[in-house]
$ cat run.cif   # mmCIF, C-alpha atoms (C1' of nucleotides)
data_final
loop_
_atom_site.label_atom_id
_atom_site.label_comp_id
_atom_site.auth_asym_id
_atom_site.auth_seq_id
_atom_site.Cartn_x
_atom_site.Cartn_y
_atom_site.Cartn_z
CA MET V 425 -68.65 -3.13 23.94
CA SER V 426 -68.82 0.36 25.37
CA ARG V 427 -66.45 3.05 24.27
CA ILE V 428 -63.40 1.73 22.54
CA SER V 429 -60.69 4.11 21.45
CA LYS V 430 -58.56 3.59 18.42
CA ASP V 431 -55.93 1.74 20.40
CA GLY V 432 -58.48 -0.99 20.94
CA PHE V 433 -58.83 -0.65 24.69
CA ASN V 434 -61.84 0.75 26.43
CA GLU V 435 -61.72 3.82 28.61
CA GLU V 436 -62.64 2.03 31.83
CA CYS V 437 -59.69 -0.22 31.40
CA LYS V 438 -57.39 2.72 30.81
CA LYS V 439 -58.46 4.50 33.98
CA ASP V 440 -58.36 1.42 36.12
CA HIS V 441 -55.04 0.23 34.83
CA ARG V 442 -52.71 2.93 33.69
CA GLU V 443 -49.90 0.44 33.58
CA ILE V 444 -51.77 -1.66 31.08
CA TYR V 445 -52.38 1.28 28.87
CA GLY V 446 -48.75 2.32 28.96
CA ILE V 447 -47.65 -1.14 27.94
CA ALA V 448 -50.23 -1.30 25.16
CA TYR V 449 -49.17 2.09 23.86
CA THR V 450 -45.55 1.05 23.59
CA GLN V 451 -46.44 -2.29 22.10
CA ASN V 452 -48.65 -0.72 19.43
CA MET V 453 -45.85 1.62 18.49
CA LEU V 454 -43.50 -1.31 17.98
CA SER V 455 -45.92 -3.62 16.23
CA GLY V 456 -44.60 -5.04 13.03
CA ARG V 457 -42.01 -7.65 12.43
CA TRP V 458 -39.09 -5.39 11.64
CA LYS V 459 -39.37 -2.32 13.82
CA TYR V 460 -37.24 -3.49 16.71
CA LEU V 461 -34.52 -4.49 14.28
CA ILE V 462 -34.61 -1.17 12.46
CA LEU V 463 -34.30 0.74 15.71
CA TRP V 464 -31.48 -1.52 16.84
CA PHE V 465 -29.64 -0.88 13.60
CA LEU V 466 -29.98 2.88 13.99
CA LYS V 467 -28.77 2.73 17.57
CA LEU V 468 -25.16 3.56 16.87
CA LYS V 469 -25.37 5.71 13.77
CA SER V 470 -27.70 6.85 11.02
CA HIS V 471 -28.07 4.62 7.98
CA ARG V 472 -29.28 4.87 4.42
CA TYR V 473 -32.35 3.17 3.04
CA ASN V 474 -30.40 0.49 1.22
CA GLU V 475 -28.18 -0.26 4.19
CA ILE V 476 -31.25 -1.05 6.24
CA LYS V 477 -32.67 -3.14 3.43
CA THR V 478 -29.45 -5.14 3.19
CA LEU V 479 -29.36 -5.81 6.91
CA LEU V 480 -32.98 -6.96 7.02
CA TRP V 481 -32.32 -9.82 4.71
CA GLY V 482 -35.60 -10.77 3.06
CA ILE V 483 -37.69 -7.67 3.65
CA SER V 484 -39.46 -6.33 0.59
CA GLN V 485 -39.21 -2.71 -0.45
CA GLY V 486 -42.88 -2.19 0.17
CA SER V 487 -42.71 -3.46 3.71
CA LEU V 488 -39.56 -1.54 4.56
CA THR V 489 -40.95 1.74 3.30
CA LYS V 490 -44.15 1.22 5.24
CA GLN V 491 -42.40 0.44 8.50
CA LEU V 492 -40.08 3.41 8.13
CA ARG V 493 -43.03 5.70 7.50
CA GLU V 494 -44.81 4.43 10.57
CA LEU V 495 -41.74 4.87 12.75
CA GLU V 496 -41.40 8.38 11.42
CA ALA V 497 -45.08 9.14 12.05
CA ASP V 498 -44.68 7.96 15.65
CA GLY V 499 -41.73 10.28 16.13
CA LEU V 500 -39.18 7.53 16.66
CA ILE V 501 -36.92 8.19 13.67
CA ASN V 502 -35.83 11.14 11.53
CA ARG V 503 -35.78 11.04 7.76
CA LYS V 504 -33.29 13.31 6.05
CA VAL V 505 -33.20 13.61 2.27
CA TYR V 506 -30.06 14.87 0.56
CA PRO V 507 -30.80 16.51 -2.79
CA GLU V 508 -28.23 14.58 -4.76
CA VAL V 509 -28.18 12.38 -7.82
CA PRO V 510 -28.53 9.53 -7.15
CA PRO V 511 -30.73 10.36 -4.17
CA ARG V 512 -29.55 9.74 -0.63
CA VAL V 513 -31.82 9.34 2.37
CA GLU V 514 -30.53 8.88 5.89
CA TYR V 515 -32.55 7.58 8.82
CA SER V 516 -31.62 8.24 12.43
CA LEU V 517 -33.18 7.93 15.87
CA THR V 518 -35.01 10.83 17.47
CA SER V 519 -34.57 11.47 21.18
CA LYS V 520 -37.86 9.67 21.71
CA GLY V 521 -36.60 6.73 19.71
CA GLU V 522 -33.39 6.64 21.72
CA GLN V 523 -35.40 6.04 24.84
CA LEU V 524 -36.47 2.69 23.45
CA ILE V 525 -32.89 1.46 23.27
CA PRO V 526 -32.80 0.08 26.82
CA ILE V 527 -35.80 -2.06 25.95
CA ILE V 528 -34.17 -3.36 22.81
CA ASP V 529 -30.94 -4.08 24.64
CA LEU V 530 -32.82 -6.11 27.23
CA MET V 531 -34.58 -8.06 24.50
CA GLU V 532 -31.26 -8.78 22.87
CA GLU V 533 -29.85 -9.97 26.17
CA PHE V 534 -32.85 -12.20 26.85
CA GLY V 535 -32.64 -13.68 23.36
CA LYS V 536 -28.94 -14.41 23.67
CA LYS V 537 -29.55 -16.15 26.96
CA PHE V 538 -32.47 -18.34 25.94
CA GLY V 539 -32.41 -18.46 22.13
CA ASP V 540 -31.19 -21.40 20.14
CA LYS V 541 -27.47 -21.67 20.00
CA ILE V 542 -25.71 -21.39 16.66
CA ASP V 543 -22.28 -22.74 15.80
CA MET B 656 -33.81 -17.43 -0.64
CA SER B 657 -31.29 -19.82 0.82
CA ARG B 658 -31.90 -21.64 4.06
CA ILE B 659 -34.63 -20.14 6.14
CA SER B 660 -35.35 -21.54 9.56
CA LYS B 661 -38.75 -21.56 11.15
CA ASP B 662 -38.18 -18.22 12.81
CA GLY B 663 -38.11 -16.67 9.37
CA PHE B 664 -34.49 -15.56 9.40
CA ASN B 665 -31.78 -17.13 7.34
CA GLU B 666 -28.72 -18.72 8.83
CA GLU B 667 -26.25 -16.27 7.35
CA CYS B 668 -28.08 -13.46 9.02
CA LYS B 669 -28.03 -15.25 12.36
CA LYS B 670 -24.29 -15.78 12.26
CA ASP B 671 -23.50 -12.29 11.09
CA HIS B 672 -25.79 -10.60 13.51
CA ARG B 673 -26.31 -12.40 16.76
CA GLU B 674 -27.89 -9.32 18.23
CA ILE B 675 -30.55 -9.32 15.57
CA TYR B 676 -31.33 -12.92 16.19
CA GLY B 677 -31.60 -12.37 19.92
CA ILE B 678 -34.05 -9.55 19.43
CA ALA B 679 -36.09 -11.53 16.94
CA TYR B 680 -36.21 -14.49 19.29
CA THR B 681 -37.60 -12.40 22.12
CA GLN B 682 -40.01 -10.61 19.86
CA ASN B 683 -41.39 -13.84 18.42
CA MET B 684 -41.92 -15.15 21.93
CA LEU B 685 -43.95 -12.07 22.81
CA SER B 686 -45.88 -11.79 19.57
CA GLY B 687 -49.59 -11.51 20.09
CA ARG B 688 -51.67 -8.67 21.29
CA TRP B 689 -52.13 -9.79 24.88
CA LYS B 690 -48.95 -11.49 25.99
CA TYR B 691 -47.22 -8.50 27.51
CA LEU B 692 -50.36 -7.71 29.47
CA ILE B 693 -50.73 -11.27 30.73
CA LEU B 694 -47.14 -11.35 31.92
CA TRP B 695 -47.54 -7.96 33.56
CA PHE B 696 -50.60 -9.20 35.41
CA LEU B 697 -48.76 -12.26 36.68
CA LYS B 698 -45.83 -10.18 37.84
CA LEU B 699 -46.91 -9.83 41.45
CA LYS B 700 -48.84 -13.02 42.05
CA SER B 701 -50.43 -15.98 40.33
CA HIS B 702 -53.93 -15.58 38.97
CA ARG B 703 -56.81 -17.75 37.87
CA TYR B 704 -58.07 -18.06 34.33
CA ASN B 705 -61.13 -15.91 34.91
CA GLU B 706 -59.16 -13.21 36.71
CA ILE B 707 -56.99 -12.81 33.64
CA LYS B 708 -60.01 -12.82 31.38
CA THR B 709 -61.66 -10.09 33.44
CA LEU B 710 -58.59 -7.91 33.36
CA LEU B 711 -58.18 -8.24 29.61
CA TRP B 712 -61.48 -6.64 28.93
CA GLY B 713 -62.59 -7.76 25.50
CA ILE B 714 -60.48 -10.85 24.90
CA SER B 715 -62.37 -13.93 23.77
CA GLN B 716 -61.99 -17.25 25.50
CA GLY B 717 -60.51 -18.80 22.41
CA SER B 718 -57.81 -16.18 22.15
CA LEU B 719 -56.97 -16.21 25.82
CA THR B 720 -56.58 -19.95 25.95
CA LYS B 721 -54.39 -19.89 22.88
CA GLN B 722 -52.10 -17.19 24.22
CA LEU B 723 -51.80 -18.93 27.58
CA ARG B 724 -50.89 -22.18 25.86
CA GLU B 725 -48.22 -20.45 23.80
CA LEU B 726 -46.73 -18.74 26.83
CA GLU B 727 -46.68 -22.10 28.59
CA ALA B 728 -45.05 -23.81 25.61
CA ASP B 729 -42.34 -21.15 25.56
CA GLY B 730 -41.65 -21.77 29.23
CA LEU B 731 -42.72 -18.35 30.40
CA ILE B 732 -45.63 -19.35 32.64
CA ASN B 733 -46.67 -22.30 34.79
CA ARG B 734 -50.13 -23.83 34.68
CA LYS B 735 -51.34 -25.53 37.83
CA VAL B 736 -54.64 -27.36 37.91
CA TYR B 737 -56.38 -27.97 41.22
CA PRO B 738 -58.63 -31.04 41.11
CA GLU B 739 -61.69 -29.36 42.55
CA VAL B 740 -65.27 -28.82 41.54
CA PRO B 741 -65.67 -26.32 40.04
CA PRO B 742 -62.21 -26.54 38.51
CA ARG B 743 -59.52 -24.06 39.47
CA VAL B 744 -56.46 -23.26 37.36
CA GLU B 745 -53.73 -20.90 38.45
CA TYR B 746 -51.16 -19.32 36.18
CA SER B 747 -47.84 -17.97 37.41
CA LEU B 748 -44.53 -16.82 36.00
CA THR B 749 -41.61 -19.20 35.60
CA SER B 750 -38.11 -17.99 36.39
CA LYS B 751 -37.64 -17.48 32.66
CA GLY B 752 -40.80 -15.43 32.49
CA GLU B 753 -39.68 -13.33 35.44
CA GLN B 754 -36.68 -12.23 33.46
CA LEU B 755 -38.98 -10.45 31.03
CA ILE B 756 -40.33 -8.20 33.75
CA PRO B 757 -37.66 -5.51 33.36
CA ILE B 758 -38.62 -5.22 29.71
CA ILE B 759 -42.29 -4.88 30.54
CA ASP B 760 -41.55 -2.31 33.23
CA LEU B 761 -39.58 -0.23 30.74
CA MET B 762 -42.40 -0.42 28.23
CA GLU B 763 -44.83 0.71 30.88
CA GLU B 764 -42.57 3.62 31.76
CA PHE B 765 -42.17 4.65 28.13
CA GLY B 766 -45.92 4.46 27.56
CA LYS B 767 -46.67 6.58 30.61
CA LYS B 768 -44.21 9.18 29.43
CA PHE B 769 -45.35 9.47 25.84
CA GLY B 770 -48.86 7.98 25.73
CA ASP B 771 -52.00 10.03 25.55
CA LYS B 772 -53.00 11.51 28.85
CA ILE B 773 -56.27 10.49 30.47
CA ASP B 774 -58.22 12.49 32.99
"C1'" DC D 1008 -65.11 -22.52 36.02
"C1'" DT D 1009 -62.17 -23.63 32.40
"C1'" DG D 1010 -61.90 -24.73 28.68
"C1'" DT D 1011 -62.54 -26.91 22.97
"C1'" DA D 1012 -64.15 -26.62 18.13
"C1'" DT D 1013 -65.38 -24.13 14.19
"C1'" DC D 1014 -65.90 -20.45 11.21
"C1'" DC D 1015 -64.77 -15.96 9.57
"C1'" DA D 1016 -62.92 -11.05 9.22
"C1'" DT D 1017 -58.86 -8.35 9.29
"C1'" DG D 1018 -54.38 -6.69 8.51
"C1'" DG D 1019 -49.45 -7.49 8.05
"C1'" DA D 1020 -46.23 -8.60 4.87
"C1'" DG D 1021 -44.19 -10.45 0.36
"C1'" DA D 1022 -43.99 -10.43 -4.92
"C1'" DT D 1023 -43.93 -7.84 -8.75
"C1'" DA D 1024 -43.88 -4.05 -11.78
"C1'" DC D 1025 -43.13 0.68 -12.40
"C1'" DT D 1026 -40.94 5.72 -11.46
"C1'" DG D 1027 -38.31 10.30 -10.57
"C1'" DC F 617 -30.97 4.99 -5.14
"C1'" DA F 618 -35.15 5.24 -3.02
"C1'" DG F 619 -39.10 4.76 -3.43
"C1'" DT F 620 -44.84 3.92 -5.10
"C1'" DA F 621 -48.83 1.00 -6.54
"C1'" DT F 622 -51.27 -3.35 -6.69
"C1'" DC F 623 -52.25 -7.78 -5.83
"C1'" DT F 624 -52.32 -11.80 -3.10
"C1'" DC F 625 -51.53 -14.89 0.76
"C1'" DC F 626 -51.90 -16.41 5.29
"C1'" DA F 627 -51.47 -16.09 10.33
"C1'" DT F 628 -53.74 -13.84 14.15
"C1'" DG F 629 -57.42 -13.24 16.65
"C1'" DG F 630 -62.56 -12.60 17.54
"C1'" DA F 631 -67.49 -14.66 17.74
"C1'" DT F 632 -70.13 -18.27 18.77
"C1'" DA F 633 -71.62 -22.66 20.23
"C1'" DC F 634 -70.66 -26.56 22.88
"C1'" DA F 635 -68.36 -29.62 26.79
"C1'" DG F 636 -66.21 -31.79 31.13
#
$ encode --input "run.cif" --output "structure tokens"
Amino acid sequence: MSRISKDGFNEECKKDHREIYGIAYTQNMLSGRWKYLILWFLKLKSHRYNEIKTLLWGISQGSLTKQLRELEADGLINRKVYPEVPPRVEYSLTSKGEQLIPIIDLMEEFGKKFGDKID
Amino acid sequence: MSRISKDGFNEECKKDHREIYGIAYTQNMLSGRWKYLILWFLKLKSHRYNEIKTLLWGISQGSLTKQLRELEADGLINRKVYPEVPPRVEYSLTSKGEQLIPIIDLMEEFGKKFGDKID
DNA sequence: CTGTATCCATGGAGATACTG
DNA sequence: CAGTATCTCCATGGATACAG
């Protein structure tokens, strides 16, 4: 293996196939089981930590915190802490995060079309 | 935990949030590091096994075969074997797989816009 | 050329307990 | 309420050798 950058793809590949690199970049940013769902939930309005946790039925606190931190580090969501007791933290999409919404909407549409039907 | 189906989401959640389930369905279908890239590569024309392997610089044969089989099982790609020596196998998108192209194009666009620049 | 079989390393994610 | 700190489990995927 020659030079491999931290995204796991080598430089030759990047130069030869910009499209590939763009796709890989976006995919890496959205890796993780819950990220699409978190972004979808923040689409319409900001939400508190516990609201997200309730929606994502089954996620553990540890996982949720980690995913939120990663989304924040990638500039997709904002984290706003209100100095109250009890504490309140609101998460919302950044403008960068909002640009992922068309993708999520298309995934939703595809899933509705082909996913298993429920009564 | 009450009833959990094999997709990992419980039935209550599915009924309450169809959108979530649609997104999760699509995401599960595209889980795996290489699937987006394979579909992107098949967008314009069908390709042979080794052509895909060459493009995906660094993928092992075992992984590639597994991902191709999963894509085939999910109805996203066709596998056509030509009875020749040496053997020739061509992969192409199904009509279902073609409907994922808009998603991949958007991901490519997002990645080009925000990904690291390369000289 | 197009795979299959096997083993193994890694990381994502859940469970649990604890905290300001 | 909104986390943090560990521990553990297991699926994903890579390496390697072999095969039709």
$ interface_residues --input "run.cif" --of "chain D" --to "chain B" --cutoff "10 Å" --atoms "all atoms listed in the file" --output "list in words"
DC1008, DT1009, DG1010, DT1011 and DA1012 of chain D
$ atom_distance --input "run.cif" --atom1 "atom CA of B:Thr749" --atom2 "atom CA of B:Leu731"
5.4 Å
$ resolve_selection --input "run.cif" --expression "the PyMOL selection byres ((chain F and resi 620) around 8)" --output "list in words"
DT1026 of chain D; DG619 and DA621 of chain F
$ calpha_fit_and_write --input "run.cif" --fixed "chain B" --moving "chain V" --output "compact mmCIF listing (two decimals) with C-alpha atoms, in the frame of the given file"
# COMPACT_ATOMS: atom_id res chain seq x y z
CA MET V 425 -34.07 -17.40 -0.57
CA SER V 426 -31.43 -19.74 0.79
CA ARG V 427 -31.91 -21.55 4.04
CA ILE V 428 -34.60 -20.07 6.19
CA SER V 429 -35.25 -21.49 9.62
CA LYS V 430 -38.62 -21.56 11.23
CA ASP V 431 -38.06 -18.22 12.90
CA GLY V 432 -38.07 -16.68 9.45
CA PHE V 433 -34.48 -15.50 9.40
CA ASN V 434 -31.76 -17.03 7.32
CA GLU V 435 -28.67 -18.59 8.79
CA GLU V 436 -26.24 -16.08 7.30
CA CYS V 437 -28.07 -13.32 9.01
CA LYS V 438 -27.98 -15.14 12.32
CA LYS V 439 -24.23 -15.66 12.20
CA ASP V 440 -23.46 -12.17 11.06
CA HIS V 441 -25.76 -10.51 13.52
CA ARG V 442 -26.26 -12.36 16.73
CA GLU V 443 -27.87 -9.31 18.23
CA ILE V 444 -30.53 -9.33 15.57
CA TYR V 445 -31.30 -12.92 16.19
CA GLY V 446 -31.58 -12.40 19.92
CA ILE V 447 -34.02 -9.57 19.42
CA ALA V 448 -36.07 -11.58 16.93
CA TYR V 449 -36.19 -14.54 19.28
CA THR V 450 -37.57 -12.45 22.11
CA GLN V 451 -39.98 -10.66 19.85
CA ASN V 452 -41.36 -13.91 18.42
CA MET V 453 -41.91 -15.20 21.92
CA LEU V 454 -43.95 -12.13 22.79
CA SER V 455 -45.90 -11.86 19.57
CA GLY V 456 -49.59 -11.56 20.07
CA ARG V 457 -51.64 -8.70 21.29
CA TRP V 458 -52.11 -9.82 24.87
CA LYS V 459 -48.94 -11.53 25.98
CA TYR V 460 -47.20 -8.55 27.50
CA LEU V 461 -50.33 -7.75 29.47
CA ILE V 462 -50.72 -11.30 30.73
CA LEU V 463 -47.13 -11.38 31.92
CA TRP V 464 -47.53 -7.99 33.56
CA PHE V 465 -50.60 -9.21 35.39
CA LEU V 466 -48.77 -12.28 36.69
CA LYS V 467 -45.84 -10.18 37.83
CA LEU V 468 -46.90 -9.83 41.43
CA LYS V 469 -48.86 -13.00 42.05
CA SER V 470 -50.44 -15.98 40.33
CA HIS V 471 -53.95 -15.56 38.96
CA ARG V 472 -56.83 -17.73 37.86
CA TYR V 473 -58.08 -18.05 34.32
CA ASN V 474 -61.13 -15.89 34.89
CA GLU V 475 -59.18 -13.19 36.68
CA ILE V 476 -56.99 -12.80 33.63
CA LYS V 477 -60.02 -12.79 31.37
CA THR V 478 -61.64 -10.05 33.44
CA LEU V 479 -58.55 -7.88 33.35
CA LEU V 480 -58.13 -8.23 29.59
CA TRP V 481 -61.43 -6.60 28.91
CA GLY V 482 -62.60 -7.74 25.48
CA ILE V 483 -60.48 -10.82 24.92
CA SER V 484 -62.38 -13.88 23.79
CA GLN V 485 -62.02 -17.22 25.51
CA GLY V 486 -60.51 -18.75 22.42
CA SER V 487 -57.82 -16.13 22.15
CA LEU V 488 -56.98 -16.19 25.84
CA THR V 489 -56.61 -19.95 25.93
CA LYS V 490 -54.39 -19.88 22.87
CA GLN V 491 -52.09 -17.20 24.23
CA LEU V 492 -51.80 -18.95 27.58
CA ARG V 493 -50.90 -22.20 25.85
CA GLU V 494 -48.24 -20.51 23.80
CA LEU V 495 -46.73 -18.80 26.83
CA GLU V 496 -46.69 -22.14 28.58
CA ALA V 497 -45.08 -23.87 25.59
CA ASP V 498 -42.35 -21.21 25.57
CA GLY V 499 -41.65 -21.83 29.23
CA LEU V 500 -42.73 -18.39 30.40
CA ILE V 501 -45.65 -19.37 32.63
CA ASN V 502 -46.71 -22.31 34.80
CA ARG V 503 -50.16 -23.81 34.68
CA LYS V 504 -51.37 -25.49 37.84
CA VAL V 505 -54.70 -27.32 37.93
CA TYR V 506 -56.42 -27.92 41.26
CA PRO V 507 -58.69 -30.97 41.17
CA GLU V 508 -61.72 -29.27 42.62
CA VAL V 509 -65.32 -28.73 41.64
CA PRO V 510 -65.71 -26.22 40.14
CA PRO V 511 -62.25 -26.46 38.59
CA ARG V 512 -59.52 -24.00 39.51
CA VAL V 513 -56.49 -23.24 37.38
CA GLU V 514 -53.74 -20.88 38.47
CA TYR V 515 -51.16 -19.31 36.18
CA SER V 516 -47.84 -17.98 37.41
CA LEU V 517 -44.53 -16.83 35.98
CA THR V 518 -41.62 -19.23 35.60
CA SER V 519 -38.11 -18.01 36.38
CA LYS V 520 -37.63 -17.52 32.66
CA GLY V 521 -40.80 -15.48 32.49
CA GLU V 522 -39.67 -13.36 35.43
CA GLN V 523 -36.66 -12.28 33.45
CA LEU V 524 -38.95 -10.50 31.02
CA ILE V 525 -40.31 -8.24 33.74
CA PRO V 526 -37.63 -5.55 33.35
CA ILE V 527 -38.60 -5.27 29.70
CA ILE V 528 -42.26 -4.93 30.53
CA ASP V 529 -41.54 -2.36 33.21
CA LEU V 530 -39.57 -0.28 30.73
CA MET V 531 -42.41 -0.48 28.23
CA GLU V 532 -44.83 0.65 30.88
CA GLU V 533 -42.58 3.56 31.76
CA PHE V 534 -42.18 4.58 28.12
CA GLY V 535 -45.94 4.40 27.57
CA LYS V 536 -46.69 6.50 30.63
CA LYS V 537 -44.24 9.11 29.44
CA PHE V 538 -45.38 9.41 25.84
CA GLY V 539 -48.88 7.91 25.73
CA ASP V 540 -52.03 9.94 25.53
CA LYS V 541 -53.02 11.48 28.78
CA ILE V 542 -56.30 10.48 30.39
CA ASP V 543 -58.29 12.50 32.90
$ resolve_selection --input "run.cif" --expression "the PyMOL selection byres ((chain B and resi 726) around 12)" --output "ChimeraX atom specification"
/B:683-687,689-694,697,719-725,727-734,746-749,751-752
$ interface_residues --input "run.cif" --of "chain B" --to "chain F" --cutoff "8 Å" --atoms "only C-alpha atoms (C1' of nucleotides)" --output "list in words"
Gly687, Ile714, Ser715 and Ser718 of chain B
$ write_last_selection --input "run.cif" --atoms "C-alpha atoms" --output "compact mmCIF listing (two decimals), keeping the file's coordinate frame"
# COMPACT_ATOMS: atom_id res chain seq x y z
CA GLY B 687 -49.59 -11.51 20.09
CA ILE B 714 -60.48 -10.85 24.90
CA SER B 715 -62.37 -13.93 23.77
CA SER B 718 -57.81 -16.18 22.15
$ closest_residue --input "run.cif" --among "B:Lys708, B:Glu739, B:Leu699, B:Gly713" --to "chain V" --atoms "all atoms listed in the file"
B:Gly713
$ resolve_selection --input "run.cif" --expression "the PyMOL selection byres ((chain V) within 6 of (chain B))" --output "PyMOL selection string"
chain V and resi 443+446-447+449-450+527+531-532+535-536
$ atom_distance --input "run.cif" --atom1 "atom CA of V:Lys467" --atom2 "atom CA of B:Ile756"
22.7 Å
$ atom_distance --input "run.cif" --atom1 "atom CA of B:Ser701" --atom2 "atom CA of B:Pro738"
17.2 Å
$ build_atoms --input "run.cif" --residues "stretch 467-474 of chain V" --atoms "all heavy atoms" --output "PDB file, keeping the file's coordinate frame"
ATOM      1  N   LYS V 467     -29.208   2.390  16.228  1.00  0.00           N
ATOM      2  CA  LYS V 467     -28.770   2.730  17.570  1.00  0.00           C
ATOM      3  C   LYS V 467     -27.441   3.489  17.569  1.00  0.00           C
ATOM      4  O   LYS V 467     -27.313   4.525  18.229  1.00  0.00           O
ATOM      5  CB  LYS V 467     -28.639   1.446  18.393  1.00  0.00           C
ATOM      6  CG  LYS V 467     -28.286   1.654  19.825  1.00  0.00           C
ATOM      7  CD  LYS V 467     -28.425   0.353  20.598  1.00  0.00           C
ATOM      8  CE  LYS V 467     -27.237  -0.575  20.377  1.00  0.00           C
ATOM      9  NZ  LYS V 467     -27.263  -1.736  21.299  1.00  0.00           N
ATOM     10  N   LEU V 468     -26.496   2.988  16.823  1.00  0.00           N
ATOM     11  CA  LEU V 468     -25.160   3.560  16.870  1.00  0.00           C
ATOM     12  C   LEU V 468     -24.974   4.750  15.933  1.00  0.00           C
ATOM     13  O   LEU V 468     -24.313   5.714  16.270  1.00  0.00           O
ATOM     14  CB  LEU V 468     -24.112   2.491  16.548  1.00  0.00           C
ATOM     15  CG  LEU V 468     -24.068   1.344  17.566  1.00  0.00           C
ATOM     16  CD1 LEU V 468     -23.059   0.296  17.135  1.00  0.00           C
ATOM     17  CD2 LEU V 468     -23.712   1.902  18.948  1.00  0.00           C
ATOM     18  N   LYS V 469     -25.541   4.642  14.752  1.00  0.00           N
ATOM     19  CA  LYS V 469     -25.370   5.710  13.770  1.00  0.00           C
ATOM     20  C   LYS V 469     -26.515   5.704  12.771  1.00  0.00           C
ATOM     21  O   LYS V 469     -27.240   4.714  12.662  1.00  0.00           O
ATOM     22  CB  LYS V 469     -24.025   5.568  13.050  1.00  0.00           C
ATOM     23  CG  LYS V 469     -23.876   4.272  12.267  1.00  0.00           C
ATOM     24  CD  LYS V 469     -22.484   4.105  11.694  1.00  0.00           C
ATOM     25  CE  LYS V 469     -22.234   4.912  10.431  1.00  0.00           C
ATOM     26  NZ  LYS V 469     -23.038   4.469   9.275  1.00  0.00           N
ATOM     27  N   SER V 470     -26.666   6.790  12.043  1.00  0.00           N
ATOM     28  CA  SER V 470     -27.700   6.850  11.020  1.00  0.00           C
ATOM     29  C   SER V 470     -27.307   5.952   9.844  1.00  0.00           C
ATOM     30  O   SER V 470     -26.135   5.671   9.623  1.00  0.00           O
ATOM     31  CB  SER V 470     -27.898   8.284  10.556  1.00  0.00           C
ATOM     32  OG  SER V 470     -26.725   8.742   9.923  1.00  0.00           O
ATOM     33  N   HIS V 471     -28.322   5.501   9.115  1.00  0.00           N
ATOM     34  CA  HIS V 471     -28.070   4.620   7.980  1.00  0.00           C
ATOM     35  C   HIS V 471     -28.966   4.979   6.816  1.00  0.00           C
ATOM     36  O   HIS V 471     -30.043   5.543   7.002  1.00  0.00           O
ATOM     37  CB  HIS V 471     -28.308   3.162   8.378  1.00  0.00           C
ATOM     38  CG  HIS V 471     -27.222   2.583   9.216  1.00  0.00           C
ATOM     39  ND1 HIS V 471     -26.012   2.182   8.701  1.00  0.00           N
ATOM     40  CD2 HIS V 471     -27.150   2.354  10.548  1.00  0.00           C
ATOM     41  CE1 HIS V 471     -25.246   1.724   9.683  1.00  0.00           C
ATOM     42  NE2 HIS V 471     -25.917   1.815  10.818  1.00  0.00           N
ATOM     43  N   ARG V 472     -28.517   4.604   5.640  1.00  0.00           N
ATOM     44  CA  ARG V 472     -29.280   4.870   4.420  1.00  0.00           C
ATOM     45  C   ARG V 472     -30.311   3.772   4.201  1.00  0.00           C
ATOM     46  O   ARG V 472     -30.215   2.683   4.748  1.00  0.00           O
ATOM     47  CB  ARG V 472     -28.329   4.935   3.225  1.00  0.00           C
ATOM     48  CG  ARG V 472     -27.248   5.966   3.384  1.00  0.00           C
ATOM     49  CD  ARG V 472     -26.330   5.969   2.194  1.00  0.00           C
ATOM     50  NE  ARG V 472     -27.064   6.276   0.970  1.00  0.00           N
ATOM     51  CZ  ARG V 472     -26.464   6.582  -0.172  1.00  0.00           C
ATOM     52  NH1 ARG V 472     -25.146   6.640  -0.246  1.00  0.00           N
ATOM     53  NH2 ARG V 472     -27.178   6.831  -1.249  1.00  0.00           N
ATOM     54  N   TYR V 473     -31.267   4.107   3.360  1.00  0.00           N
ATOM     55  CA  TYR V 473     -32.350   3.170   3.040  1.00  0.00           C
ATOM     56  C   TYR V 473     -31.805   1.786   2.649  1.00  0.00           C
ATOM     57  O   TYR V 473     -32.215   0.764   3.191  1.00  0.00           O
ATOM     58  CB  TYR V 473     -33.188   3.752   1.907  1.00  0.00           C
ATOM     59  CG  TYR V 473     -34.375   2.924   1.494  1.00  0.00           C
ATOM     60  CD1 TYR V 473     -35.615   3.109   2.074  1.00  0.00           C
ATOM     61  CD2 TYR V 473     -34.253   1.959   0.498  1.00  0.00           C
ATOM     62  CE1 TYR V 473     -36.706   2.365   1.685  1.00  0.00           C
ATOM     63  CE2 TYR V 473     -35.333   1.199   0.104  1.00  0.00           C
ATOM     64  CZ  TYR V 473     -36.563   1.401   0.702  1.00  0.00           C
ATOM     65  OH  TYR V 473     -37.631   0.653   0.305  1.00  0.00           O
ATOM     66  N   ASN V 474     -30.890   1.775   1.724  1.00  0.00           N
ATOM     67  CA  ASN V 474     -30.400   0.490   1.220  1.00  0.00           C
ATOM     68  C   ASN V 474     -29.564  -0.269   2.235  1.00  0.00           C
ATOM     69  O   ASN V 474     -29.513  -1.499   2.201  1.00  0.00           O
ATOM     70  CB  ASN V 474     -29.601   0.701  -0.066  1.00  0.00           C
ATOM     71  CG  ASN V 474     -30.315   0.108  -1.255  1.00  0.00           C
ATOM     72  OD1 ASN V 474     -31.493  -0.219  -1.187  1.00  0.00           O
ATOM     73  ND2 ASN V 474     -29.601  -0.040  -2.355  1.00  0.00           N
TER      74      ASN V 474
END
